[in-house]
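Chemist: Structure file entry-v4.cif (mmCIF, C-alpha atoms) is given on the next line.
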```
data_entry
#
loop_
_atom_site.group_PDB
_atom_site.id
_atom_site.type_symbol
_atom_site.label_atom_id
_atom_site.label_comp_id
_atom_site.auth_asym_id
_atom_site.auth_seq_id
_atom_site.Cartn_x
_atom_site.Cartn_y
_atom_site.Cartn_z
ATOM 1 C CA MET A 1 -12.188 1.349 -0.298
ATOM 2 C CA ARG A 2 -12.642 -2.210 0.918
ATOM 3 C CA ALA A 3 -14.234 -2.421 4.403
ATOM 4 C CA ILE A 4 -16.278 -4.893 6.443
ATOM 5 C CA LYS A 5 -17.946 -4.859 9.854
ATOM 6 C CA HIS A 6 -17.301 -7.731 12.274
ATOM 7 C CA PRO A 7 -20.640 -9.504 12.953
ATOM 8 C CA LEU A 8 -20.054 -9.998 16.700
ATOM 9 C CA THR A 9 -17.901 -7.094 17.905
ATOM 10 C CA LEU A 10 -19.201 -4.584 15.308
ATOM 11 C CA ALA A 11 -15.629 -3.350 14.784
ATOM 12 C CA THR A 12 -14.941 -1.887 11.346
ATOM 13 C CA TYR A 13 -12.076 -3.379 9.308
ATOM 14 C CA GLU A 14 -10.942 -1.297 6.341
ATOM 15 C CA LEU A 15 -8.017 -1.404 3.955
ATOM 16 C CA CYS A 16 -5.583 1.521 4.194
ATOM 17 C CA ASP A 17 -2.096 2.288 2.859
ATOM 18 C CA GLU A 18 -0.382 0.919 5.988
ATOM 19 C CA GLY A 19 -2.441 -2.282 6.239
ATOM 20 C CA VAL A 20 -5.854 -2.945 7.804
ATOM 21 C CA LYS A 21 -7.306 -0.170 9.973
ATOM 22 C CA VAL A 22 -9.563 -1.492 12.759
ATOM 23 C CA THR A 23 -11.949 0.860 14.558
ATOM 24 C CA ASP A 24 -13.647 -0.547 17.653
ATOM 25 C CA ARG A 25 -15.547 1.588 20.203
ATOM 26 C CA GLY A 26 -13.510 4.705 19.458
ATOM 27 C CA GLN A 27 -10.137 2.946 19.475
ATOM 28 C CA VAL A 28 -8.190 2.718 16.221
ATOM 29 C CA GLY A 29 -5.364 0.348 15.342
ATOM 30 C CA VAL A 30 -3.501 -0.658 12.207
ATOM 31 C CA PHE A 31 -2.697 -4.320 11.608
ATOM 32 C CA SER A 32 -1.072 -6.422 8.906
ATOM 33 C CA SER A 33 -3.176 -8.782 6.808
ATOM 34 C CA GLU A 34 -2.028 -11.590 9.144
ATOM 35 C CA GLY A 35 -3.406 -9.746 12.201
ATOM 36 C CA GLU A 36 -0.089 -8.467 13.593
ATOM 37 C CA TRP A 37 -0.333 -5.113 15.403
ATOM 38 C CA LEU A 38 1.495 -2.278 13.618
ATOM 39 C CA SER A 39 0.326 0.926 15.338
ATOM 40 C CA GLY A 40 -2.515 2.573 17.240
ATOM 41 C CA ASP A 41 -4.278 2.134 20.554
ATOM 42 C CA ASN A 42 -6.390 -0.901 19.593
ATOM 43 C CA PHE A 43 -4.605 -4.181 20.358
ATOM 44 C CA MET A 44 -7.498 -6.637 20.001
ATOM 45 C CA VAL A 45 -8.239 -7.892 16.505
ATOM 46 C CA CYS A 46 -9.696 -10.843 14.623
ATOM 47 C CA SER A 47 -6.890 -12.151 12.405
ATOM 48 C CA ASN A 48 -9.369 -13.834 10.038
ATOM 49 C CA MET A 49 -11.108 -10.530 9.335
ATOM 50 C CA CYS A 50 -7.726 -8.868 8.731
ATOM 51 C CA GLY A 51 -6.944 -11.579 6.208
ATOM 52 C CA TRP A 52 -10.238 -11.125 4.392
ATOM 53 C CA VAL A 53 -9.798 -7.371 4.092
ATOM 54 C CA GLY A 54 -6.021 -7.333 3.627
ATOM 55 C CA THR A 55 -5.639 -9.971 0.940
ATOM 56 C CA GLY A 56 -8.837 -9.155 -0.933
ATOM 57 C CA PRO A 57 -10.991 -11.302 -3.160
ATOM 58 C CA ARG A 58 -9.544 -14.272 -4.967
ATOM 59 C CA VAL A 59 -9.428 -14.423 -8.741
ATOM 60 C CA PRO A 60 -12.337 -16.601 -9.917
ATOM 61 C CA THR A 61 -11.399 -19.757 -11.764
ATOM 62 C CA ASP A 62 -13.225 -21.651 -14.474
ATOM 63 C CA LEU A 63 -15.604 -24.382 -13.356
ATOM 64 C CA LYS A 64 -13.711 -26.947 -15.407
ATOM 65 C CA ASP A 65 -10.694 -26.404 -13.122
ATOM 66 C CA HIS A 66 -12.661 -27.012 -9.920
ATOM 67 C CA ARG A 67 -12.378 -30.561 -8.558
ATOM 68 C CA ARG A 68 -16.131 -30.879 -7.890
ATOM 69 C CA PHE A 69 -17.136 -30.026 -11.448
ATOM 70 C CA ARG A 70 -14.431 -31.764 -13.488
ATOM 71 C CA SER A 71 -16.621 -34.709 -14.357
ATOM 72 C CA ILE A 72 -19.740 -32.753 -15.379
ATOM 73 C CA VAL A 73 -18.344 -29.745 -17.230
ATOM 74 C CA THR A 74 -17.744 -30.527 -20.870
ATOM 75 C CA LYS A 75 -14.366 -29.642 -22.251
ATOM 76 C CA GLU A 76 -14.198 -27.979 -25.629
#
```
Would you kindly transcribe this structure into structure tokens?

Modeler:
Amino acid sequence: MRAIKHPLTLATYELCDEGVKVTDRGQVGVFSSEGEWLSGDNFMVCSNMCGWVGTGPRVPTDLKDHRRFRSIVTKE
């Protein structure tokens, strides 16, 4: 299960079937990946953290497709 702890508030953000479950000081709330409240008694959330947990990691691309490395990566 994908989860991360907020560095300042120490709230735990974890992916669940309904969305992103946020646990902070005993209060639990479920939010969308955009940070919109769905259910629970926790109404305060960091929308950026919800996005990181809710959308997941990006698919890595080849270096030759990245704008910074186009000129130095040799094409086959």

Chemist: Return the single residue from A:Ser32, A:Cys16, A:Lys5, A:Gly26 that is closest to Cys50 (chain A), with distances computed using all atoms listed in the file.

Modeler: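 Checking each candidate against Cys50 (chain A), we get A:Ser32 as the closest.
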
Chemist: Tell me, in Å to one decimal, how far CA of Trp37 (chain A) is from CA of Leu8 (chain A).

Modeler: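 CA of Trp37 (chain A) sits 20.4 Å away from CA of Leu8 (chain A).
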
Chemist: Using Å and a single decimal, report how far CA of Val28 (chain A) sits from CA of Trp52 (chain A).

Modeler: 18.3 Å

Chemist: Do you know which residues are at most 12 Å from Thr23 (chain A) counting all atoms listed in the file, after dropping those on the same chain fewer than 2 positions away, and could you put them as a PyMOL selection string?

Modeler: chain A and resi 3-6+9-15+20-21+25-31+40-46

Chemist: Quick one, how far is CA of Gly19 (chain A) from CA of Glu34 (chain A)?

Modeler: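 Calculated distance between CA of Gly19 (chain A) and CA of Glu34 (chain A) is 9.8 Å.
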